[in-house]
Amino acid sequence: MSNEDLAHDFSPMIKVYKDGRVERLMGIERVPPSTHPENGVQSKDVVISQDPAIPARIYIPKTSTDSPQTKLPLLIYFHGGGFCVESPFSPAYHSYVNTLVSEANVVAVSVDYRLVPEHPLPAAYDDSWAAIKWVASHFDGNGSEDWLNRFADFQRVFFAGDSSGANITHNMAVKLGCERLVGVKLVGIVLVHPFFWGTEPVGAELTTPAATKEYMAGVWRFACPSTCGSDDPLINPAKDPKLGELGCEKVLVCVAEKDGLKDRGWHYSEILKKSGWNGAVEVIESKGEGHVFHLFNPICDNAVALKKKIVSFLN
């Protein structure tokens with residue numbers, strides 16, 4: 001099809017044509033769950049909900065079977081991809097969560113929420129909250145998933161995500177702070193290159209090219225057609241009166257020097273400190289790197305350093 005037939009072009013993620021056809025340009029490939037041949041991490045796929053369909057991939061480290069009496073921290077991970085591409089089952093995310101589980105010695109649940117445009121926001125938020133509630137239903141050891149019953153410590157729960165997944169992570173932590181879940185203590189959240197935006201520029205955004213600004217705002221409008229715009233509290237936490245209700249004790253924000261979203265990550269830490277929230281927030285910046293570089297080049301020095309920092313945070 002020609003460009004004249006395009007309704008939306010958010011390359012390199014997705015193209016949507018005027019006839020309704022959706023062309024995803026990345027995040028399509030899937031790999032099965034497995035036992036990792038080197039680190040011994042086991043994974044399996046589960047169904048959290050049939051209607052709507054919410055699958056997830058669960059991981060346990062080798063130490064869980066070596067020492068089954070020891071409960072481990074629980075990580076709930078939300079993948080990125082502009083709310084429109086990727087899944088927990090793609091090679092990049094499977095490998096990344098697998099490595100986090102091995103090195104941090106945690107149990108992980110990687111959530112497969114519904115994607116736009118077929119399922120506009122708030123579908124991804126709704127699915128993510130449903131997944132959190134499903135996980136929480138195992139707090140007393142009587143849930144439907146044996147690995148969570150046996151190995152997860154529900155007093156040491158963490159949320160994490162990258163890009164749009166970091167946006168979900170933040171919004172789920174606010175919702176948890178407002179609504180609470182019996183038996184679950186959210187210790188901390190990790191926001192890697194979070195997708196936040198706003199109408200007023202922050203930091204170096206004054207010099208951001210107009211096309212980049214329109215792309216960021218356009219992705220949000222595409223993902224959430226019912227939005228009031230870039231100052232919607234879901235995309236701009238500075239506009240959220242509930243920010244101070246964030247339901248965790250500590251936050252790690254990870255930004256990258258060459259990422260167009262970098263200043264939003266720094267700004268998030270500043271507004272969080274002023275919100276009345278009583279926790280501790282730390283920002284780390286990867287020099288010379290771009291958006292989600294750690295997924296594209298996971299063995300580079302900066303990616304290894306980033307992973308090391310996240311692993312330390314989870315412990």
# chains A, B, ... in the order shown; residues from 1 in each chain; ligands from 1
>>> closest_atom_pairs(of="segment 178-203 of chain A", to="segment 244-265 of chain A", cutoff="9 Å", atoms="only C-alpha atoms", output="CSV")
residue,atom,partner,partner_atom,distance
A:Cys178,CA,A:Glu245,CA,6.1
A:Arg180,CA,A:Gly247,CA,7.9
A:Lys185,CA,A:Cys248,CA,7.8
A:Leu186,CA,A:Cys248,CA,5.1
A:Val187,CA,A:Cys248,CA,5.1
A:Gly188,CA,A:Lys250,CA,4.7
A:Ile189,CA,A:Val251,CA,5.1
A:Val190,CA,A:Leu252,CA,4.8
A:Leu191,CA,A:Val253,CA,4.8
A:Val192,CA,A:Cys254,CA,4.6
A:His193,CA,A:Val255,CA,4.9
A:Pro194,CA,A:Gly265,CA,6.3
A:Phe195,CA,A:Leu261,CA,6.6
A:Phe196,CA,A:Arg264,CA,6.0
A:Trp197,CA,A:Arg264,CA,6.7
A:Gly198,CA,A:Arg264,CA,8.8
A:Val202,CA,A:Asp263,CA,6.4
A:Gly203,CA,A:Asp263,CA,5.5
>>> write_last_selection(atoms="N, CA and C atoms", output="CSV table (one decimal), in the first residue's frame")
chain,number,residue,atom,x,y,z
A,178,CYS,N,-4.1,4.1,46.2
A,178,CYS,CA,-5.5,4.6,46.5
A,178,CYS,C,-6.4,3.5,47.0
A,180,ARG,N,-5.5,-0.1,47.6
A,180,ARG,CA,-4.9,-1.1,48.5
A,180,ARG,C,-5.3,-2.5,48.1
A,185,LYS,N,2.3,-6.0,49.9
A,185,LYS,CA,3.1,-4.8,50.2
A,185,LYS,C,4.0,-4.5,49.0
A,186,LEU,N,3.7,-3.4,48.3
A,186,LEU,CA,4.5,-2.9,47.2
A,186,LEU,C,5.7,-2.2,47.8
A,187,VAL,N,6.9,-2.7,47.7
A,187,VAL,CA,8.1,-2.1,48.2
A,187,VAL,C,8.6,-1.0,47.3
A,188,GLY,N,8.7,-1.3,46.0
A,188,GLY,CA,9.2,-0.3,45.1
A,188,GLY,C,8.8,-0.5,43.7
A,189,ILE,N,9.1,0.5,42.8
A,189,ILE,CA,8.8,0.4,41.4
A,189,ILE,C,10.0,0.9,40.6
A,190,VAL,N,10.2,0.3,39.5
A,190,VAL,CA,11.3,0.7,38.6
A,190,VAL,C,10.7,1.2,37.3
A,191,LEU,N,11.1,2.4,36.9
A,191,LEU,CA,10.6,3.1,35.7
A,191,LEU,C,11.8,3.3,34.8
A,192,VAL,N,11.9,2.5,33.7
A,192,VAL,CA,13.0,2.6,32.8
A,192,VAL,C,12.5,3.3,31.6
A,193,HIS,N,13.1,4.5,31.4
A,193,HIS,CA,12.8,5.4,30.2
A,193,HIS,C,11.3,5.6,30.1
A,194,PRO,N,10.6,6.1,31.2
A,194,PRO,CA,9.2,6.1,31.2
A,194,PRO,C,8.6,7.1,30.2
A,195,PHE,N,7.4,6.6,29.6
A,195,PHE,CA,6.7,7.4,28.6
A,195,PHE,C,5.7,8.3,29.4
A,196,PHE,N,6.2,9.5,29.7
A,196,PHE,CA,5.4,10.6,30.2
A,196,PHE,C,5.5,11.7,29.2
A,197,TRP,N,4.5,12.6,29.2
A,197,TRP,CA,4.6,13.8,28.3
A,197,TRP,C,3.7,14.9,28.9
A,198,GLY,N,3.6,16.0,28.2
A,198,GLY,CA,2.9,17.2,28.7
A,198,GLY,C,2.9,18.3,27.7
A,202,VAL,N,9.6,20.6,29.5
A,202,VAL,CA,10.5,20.6,30.7
A,202,VAL,C,11.9,20.3,30.3
A,203,GLY,N,12.8,20.8,31.1
A,203,GLY,CA,14.2,20.6,30.8
A,203,GLY,C,14.6,21.1,29.4
>>> residues_around(residues="Val111 of chain A", least_positions_apart="6", cutoff="8 Å", atoms="only C-alpha atoms", output="NGL selection string")
:A and (54-57 or 76-79 or 87-88 or 128 or 131)
>>> write_last_selection(atoms="N, CA and C atoms", output="compact mmCIF listing (two decimals), in the first residue's frame")
# COMPACT_ATOMS: atom_id res chain seq x y z
N ILE A 54 -6.14 -12.38 29.08
CA ILE A 54 -4.93 -11.80 29.67
C ILE A 54 -3.97 -12.93 30.01
N PRO A 55 -3.04 -13.23 29.11
CA PRO A 55 -2.00 -14.22 29.44
C PRO A 55 -0.85 -13.56 30.19
N ALA A 56 0.03 -14.38 30.72
CA ALA A 56 1.24 -13.89 31.35
C ALA A 56 2.29 -14.99 31.31
N ARG A 57 3.52 -14.62 31.48
CA ARG A 57 4.61 -15.59 31.60
C ARG A 57 5.20 -15.45 33.00
N ILE A 76 6.45 -7.86 39.25
CA ILE A 76 5.44 -7.84 38.19
C ILE A 76 5.95 -6.88 37.12
N TYR A 77 6.14 -7.40 35.89
CA TYR A 77 6.78 -6.63 34.83
C TYR A 77 5.78 -6.29 33.72
N PHE A 78 5.85 -5.03 33.27
CA PHE A 78 4.98 -4.55 32.18
C PHE A 78 5.87 -4.11 31.01
N HIS A 79 5.74 -4.79 29.89
CA HIS A 79 6.59 -4.51 28.73
C HIS A 79 6.24 -3.17 28.10
N SER A 87 5.29 -7.95 23.46
CA SER A 87 4.61 -8.85 24.40
C SER A 87 5.66 -9.46 25.32
N PRO A 88 5.23 -10.09 26.40
CA PRO A 88 6.20 -10.79 27.27
C PRO A 88 6.89 -11.94 26.55
N SER A 128 -3.79 -4.72 33.26
CA SER A 128 -2.66 -4.74 34.19
C SER A 128 -3.16 -4.78 35.63
N ALA A 131 -4.38 -8.19 36.35
CA ALA A 131 -3.25 -9.10 36.57
C ALA A 131 -2.69 -8.94 37.99
>>> select_by_dssp(residues="segment 34-203 of chain A", states="alpha helix (DSSP H)", output="JSON, numbers by chain")
{"A": [62, 63, 64, 65, 66, 91, 92, 93, 94, 95, 96, 97, 98, 99, 100, 101, 102, 103, 104, 123, 124, 125, 126, 127, 128, 129, 130, 131, 132, 133, 134, 135, 136, 146, 147, 148, 149, 150, 151, 164, 165, 166, 167, 168, 169, 170, 171, 172, 173, 174, 175, 176, 177, 178, 179]}
>>> residues_around(residues="segment 228-238 of chain A", least_positions_apart="4", cutoff="9 Å", atoms="only C-alpha atoms", output="PyMOL selection string")
chain A and resi 167-168+170-171+195-200+216-217+220-221+224+242-243+264+267-268+271-272+275
>>> write_last_selection(atoms="N, CA, C and O atoms", output="PDB file, in the first residue's frame")
ATOM      1  N   ASN A 167       5.085   3.637  32.196  1.00  0.00           N
ATOM      2  CA  ASN A 167       3.877   4.437  32.410  1.00  0.00           C
ATOM      3  C   ASN A 167       2.824   3.593  33.141  1.00  0.00           C
ATOM      4  O   ASN A 167       2.211   4.044  34.123  1.00  0.00           O
ATOM      5  N   ILE A 168       2.623   2.368  32.677  1.00  0.00           N
ATOM      6  CA  ILE A 168       1.670   1.469  33.331  1.00  0.00           C
ATOM      7  C   ILE A 168       2.105   1.204  34.772  1.00  0.00           C
ATOM      8  O   ILE A 168       1.283   1.235  35.702  1.00  0.00           O
ATOM      9  N   HIS A 170       3.831   3.042  36.835  1.00  0.00           N
ATOM     10  CA  HIS A 170       3.506   4.204  37.679  1.00  0.00           C
ATOM     11  C   HIS A 170       2.013   4.257  37.986  1.00  0.00           C
ATOM     12  O   HIS A 170       1.616   4.425  39.148  1.00  0.00           O
ATOM     13  N   ASN A 171       1.193   4.145  36.958  1.00  0.00           N
ATOM     14  CA  ASN A 171      -0.249   4.282  37.163  1.00  0.00           C
ATOM     15  C   ASN A 171      -0.818   3.158  38.021  1.00  0.00           C
ATOM     16  O   ASN A 171      -1.753   3.383  38.806  1.00  0.00           O
ATOM     17  N   PHE A 195       7.440   6.597  29.597  1.00  0.00           N
ATOM     18  CA  PHE A 195       6.693   7.388  28.617  1.00  0.00           C
ATOM     19  C   PHE A 195       5.728   8.295  29.353  1.00  0.00           C
ATOM     20  O   PHE A 195       4.603   7.920  29.672  1.00  0.00           O
ATOM     21  N   PHE A 196       6.211   9.502  29.658  1.00  0.00           N
ATOM     22  CA  PHE A 196       5.392  10.586  30.163  1.00  0.00           C
ATOM     23  C   PHE A 196       5.507  11.744  29.174  1.00  0.00           C
ATOM     24  O   PHE A 196       6.487  11.868  28.430  1.00  0.00           O
ATOM     25  N   TRP A 197       4.514  12.624  29.180  1.00  0.00           N
ATOM     26  CA  TRP A 197       4.554  13.781  28.295  1.00  0.00           C
ATOM     27  C   TRP A 197       3.740  14.897  28.924  1.00  0.00           C
ATOM     28  O   TRP A 197       3.247  14.762  30.043  1.00  0.00           O
ATOM     29  N   GLY A 198       3.616  16.022  28.222  1.00  0.00           N
ATOM     30  CA  GLY A 198       2.864  17.163  28.719  1.00  0.00           C
ATOM     31  C   GLY A 198       2.918  18.302  27.728  1.00  0.00           C
ATOM     32  O   GLY A 198       3.784  18.335  26.839  1.00  0.00           O
ATOM     33  N   THR A 199       2.010  19.234  27.854  1.00  0.00           N
ATOM     34  CA  THR A 199       1.964  20.345  26.900  1.00  0.00           C
ATOM     35  C   THR A 199       3.066  21.364  27.163  1.00  0.00           C
ATOM     36  O   THR A 199       3.579  21.985  26.229  1.00  0.00           O
ATOM     37  N   GLU A 200       3.445  21.543  28.431  1.00  0.00           N
ATOM     38  CA  GLU A 200       4.508  22.485  28.774  1.00  0.00           C
ATOM     39  C   GLU A 200       5.853  21.770  28.745  1.00  0.00           C
ATOM     40  O   GLU A 200       6.032  20.758  29.413  1.00  0.00           O
ATOM     41  N   MET A 216       5.437  12.206  19.967  1.00  0.00           N
ATOM     42  CA  MET A 216       5.129  11.804  21.348  1.00  0.00           C
ATOM     43  C   MET A 216       3.650  12.032  21.662  1.00  0.00           C
ATOM     44  O   MET A 216       2.962  11.137  22.178  1.00  0.00           O
ATOM     45  N   ALA A 217       3.173  13.228  21.348  1.00  0.00           N
ATOM     46  CA  ALA A 217       1.765  13.549  21.624  1.00  0.00           C
ATOM     47  C   ALA A 217       0.843  12.693  20.772  1.00  0.00           C
ATOM     48  O   ALA A 217      -0.230  12.270  21.221  1.00  0.00           O
ATOM     49  N   TRP A 220       0.354   9.148  22.067  1.00  0.00           N
ATOM     50  CA  TRP A 220      -0.585   9.128  23.196  1.00  0.00           C
ATOM     51  C   TRP A 220      -2.033   9.251  22.715  1.00  0.00           C
ATOM     52  O   TRP A 220      -2.900   8.505  23.172  1.00  0.00           O
ATOM     53  N   ARG A 221      -2.290  10.168  21.785  1.00  0.00           N
ATOM     54  CA  ARG A 221      -3.661  10.315  21.261  1.00  0.00           C
ATOM     55  C   ARG A 221      -4.112   9.039  20.556  1.00  0.00           C
ATOM     56  O   ARG A 221      -5.281   8.640  20.643  1.00  0.00           O
ATOM     57  N   CYS A 224      -4.834   6.448  23.298  1.00  0.00           N
ATOM     58  CA  CYS A 224      -5.955   6.782  24.181  1.00  0.00           C
ATOM     59  C   CYS A 224      -6.850   7.817  23.506  1.00  0.00           C
ATOM     60  O   CYS A 224      -6.792   9.018  23.828  1.00  0.00           O
ATOM     61  N   LYS A 242      -3.519  12.753  42.628  1.00  0.00           N
ATOM     62  CA  LYS A 242      -3.310  11.544  43.443  1.00  0.00           C
ATOM     63  C   LYS A 242      -1.851  11.095  43.454  1.00  0.00           C
ATOM     64  O   LYS A 242      -1.545  10.035  44.004  1.00  0.00           O
ATOM     65  N   LEU A 243      -0.946  11.868  42.858  1.00  0.00           N
ATOM     66  CA  LEU A 243       0.451  11.449  42.762  1.00  0.00           C
ATOM     67  C   LEU A 243       1.045  11.102  44.124  1.00  0.00           C
ATOM     68  O   LEU A 243       1.782  10.124  44.268  1.00  0.00           O
ATOM     69  N   ARG A 264      11.543  14.034  31.014  1.00  0.00           N
ATOM     70  CA  ARG A 264      10.311  13.652  31.715  1.00  0.00           C
ATOM     71  C   ARG A 264      10.625  12.770  32.919  1.00  0.00           C
ATOM     72  O   ARG A 264       9.956  12.852  33.959  1.00  0.00           O
ATOM     73  N   HIS A 267      11.968  15.082  35.561  1.00  0.00           N
ATOM     74  CA  HIS A 267      10.862  15.906  36.051  1.00  0.00           C
ATOM     75  C   HIS A 267       9.962  15.096  36.987  1.00  0.00           C
ATOM     76  O   HIS A 267       9.486  15.621  38.014  1.00  0.00           O
ATOM     77  N   TYR A 268       9.746  13.831  36.647  1.00  0.00           N
ATOM     78  CA  TYR A 268       8.920  12.952  37.483  1.00  0.00           C
ATOM     79  C   TYR A 268       9.479  12.895  38.904  1.00  0.00           C
ATOM     80  O   TYR A 268       8.726  12.996  39.886  1.00  0.00           O
ATOM     81  N   ILE A 271       8.689  16.258  40.753  1.00  0.00           N
ATOM     82  CA  ILE A 271       7.301  16.471  41.182  1.00  0.00           C
ATOM     83  C   ILE A 271       6.891  15.458  42.242  1.00  0.00           C
ATOM     84  O   ILE A 271       6.071  15.760  43.118  1.00  0.00           O
ATOM     85  N   LEU A 272       7.478  14.256  42.179  1.00  0.00           N
ATOM     86  CA  LEU A 272       7.155  13.248  43.187  1.00  0.00           C
ATOM     87  C   LEU A 272       7.616  13.712  44.568  1.00  0.00           C
ATOM     88  O   LEU A 272       6.897  13.553  45.568  1.00  0.00           O
ATOM     89  N   SER A 275       5.111  16.101  46.067  1.00  0.00           N
ATOM     90  CA  SER A 275       3.709  15.675  46.034  1.00  0.00           C
ATOM     91  C   SER A 275       3.133  15.335  47.396  1.00  0.00           C
ATOM     92  O   SER A 275       1.932  15.115  47.526  1.00  0.00           O
TER      93      SER A 275
END
>>> closest_residue(among="A:Leu121, A:Leu72, A:Val16, A:Val85", to="Ser226 of chain A", atoms="only C-alpha atoms")
A:Leu121
>>> residues_around(residues="Tyr96 of chain A", least_positions_apart="6", cutoff="9 Å", atoms="only C-alpha atoms", output="PyMOL selection string")
chain A and resi 294-295+298
>>> closest_residue(among="A:Ala92, A:Leu6, A:Cys84, A:Ala130", to="Arg30 of chain A", atoms="only C-alpha atoms")
A:Ala92
>>> residues_around(residues="segment 307-310 of chain A", least_positions_apart="3", cutoff="9 Å", atoms="only C-alpha atoms", output="PDB file with N, CA and C atoms, in the first residue's frame")
ATOM      1  N   THR A  99      16.871 -12.854  32.620  1.00  0.00           N
ATOM      2  CA  THR A  99      18.129 -12.433  33.233  1.00  0.00           C
ATOM      3  C   THR A  99      17.890 -11.735  34.564  1.00  0.00           C
ATOM      4  N   LEU A 100      16.866 -10.861  34.633  1.00  0.00           N
ATOM      5  CA  LEU A 100      16.546 -10.198  35.902  1.00  0.00           C
ATOM      6  C   LEU A 100      16.212 -11.217  36.990  1.00  0.00           C
ATOM      7  N   GLU A 103      19.529 -12.961  38.125  1.00  0.00           N
ATOM      8  CA  GLU A 103      20.513 -12.147  38.834  1.00  0.00           C
ATOM      9  C   GLU A 103      19.959 -11.509  40.105  1.00  0.00           C
ATOM     10  N   ALA A 104      18.659 -11.194  40.117  1.00  0.00           N
ATOM     11  CA  ALA A 104      18.052 -10.599  41.313  1.00  0.00           C
ATOM     12  C   ALA A 104      17.485 -11.656  42.251  1.00  0.00           C
ATOM     13  N   VAL A 190      10.227   0.317  39.465  1.00  0.00           N
ATOM     14  CA  VAL A 190      11.326   0.677  38.579  1.00  0.00           C
ATOM     15  C   VAL A 190      10.733   1.209  37.275  1.00  0.00           C
ATOM     16  N   LEU A 252      12.871   3.840  41.567  1.00  0.00           N
ATOM     17  CA  LEU A 252      14.074   3.997  40.760  1.00  0.00           C
ATOM     18  C   LEU A 252      13.648   4.424  39.358  1.00  0.00           C
ATOM     19  N   ILE A 284      18.859   7.493  37.774  1.00  0.00           N
ATOM     20  CA  ILE A 284      20.166   7.201  37.198  1.00  0.00           C
ATOM     21  C   ILE A 284      20.084   7.455  35.693  1.00  0.00           C
ATOM     22  N   HIS A 294      18.955  -0.866  26.308  1.00  0.00           N
ATOM     23  CA  HIS A 294      19.315  -2.102  27.009  1.00  0.00           C
ATOM     24  C   HIS A 294      18.628  -3.327  26.429  1.00  0.00           C
ATOM     25  N   PRO A 298      21.817  -5.726  24.974  1.00  0.00           N
ATOM     26  CA  PRO A 298      21.808  -6.047  26.408  1.00  0.00           C
ATOM     27  C   PRO A 298      23.168  -6.358  27.010  1.00  0.00           C
ATOM     28  N   ASN A 302      26.888  -0.193  29.361  1.00  0.00           N
ATOM     29  CA  ASN A 302      25.844   0.605  30.014  1.00  0.00           C
ATOM     30  C   ASN A 302      24.614  -0.226  30.348  1.00  0.00           C
ATOM     31  N   ALA A 303      24.291  -1.194  29.496  1.00  0.00           N
ATOM     32  CA  ALA A 303      23.152  -2.075  29.777  1.00  0.00           C
ATOM     33  C   ALA A 303      23.451  -2.970  30.979  1.00  0.00           C
ATOM     34  N   VAL A 304      24.663  -3.458  31.058  1.00  0.00           N
ATOM     35  CA  VAL A 304      25.065  -4.295  32.195  1.00  0.00           C
ATOM     36  C   VAL A 304      25.022  -3.473  33.486  1.00  0.00           C
ATOM     37  N   PHE A 313      18.382  -2.723  43.402  1.00  0.00           N
ATOM     38  CA  PHE A 313      17.129  -2.117  43.874  1.00  0.00           C
ATOM     39  C   PHE A 313      16.127  -3.187  44.301  1.00  0.00           C
ATOM     40  N   LEU A 314      16.078  -4.280  43.570  1.00  0.00           N
ATOM     41  CA  LEU A 314      15.133  -5.365  43.867  1.00  0.00           C
ATOM     42  C   LEU A 314      15.547  -6.178  45.096  1.00  0.00           C
ATOM     43  N   ASN A 315      16.737  -5.951  45.557  1.00  0.00           N
ATOM     44  CA  ASN A 315      17.214  -6.658  46.743  1.00  0.00           C
ATOM     45  C   ASN A 315      17.291  -5.703  47.920  1.00  0.00           C
TER      46      ASN A 315
END
>>> atom_distance(atom1="atom CA of Val97 of chain A", atom2="atom CA of Val47 of chain A")
18.3 Å
>>> residues_around(residues="Pro68 of chain A", least_positions_apart="3", cutoff="8 Å", atoms="only C-alpha atoms", output="list in words")
Thr63, Ser64, Thr65, Lys71, Arg150 and Phe151 of chain A
>>> closest_residue(among="A:Ala166, A:Val292, A:Ala7, A:Ile58", to="His94 of chain A", atoms="only C-alpha atoms")
A:Ile58
>>> closest_residue(among="A:Val101, A:Gly81, A:Cys300, A:Pro117", to="Tyr17 of chain A", atoms="only C-alpha atoms")
A:Pro117
>>> atom_distance(atom1="atom CA of Gly161 of chain A", atom2="atom CA of Pro120 of chain A")
19.3 Å
>>> select_by_dssp(residues="segment 171-289 of chain A", states="strand (DSSP E)", output="ChimeraX atom specification")
/A:186-192,250-256,280-286
>>> closest_residue(among="A:Ala210, A:Glu179, A:Glu29, A:Asp19", to="Pro91 of chain A", atoms="only C-alpha atoms")
A:Glu29
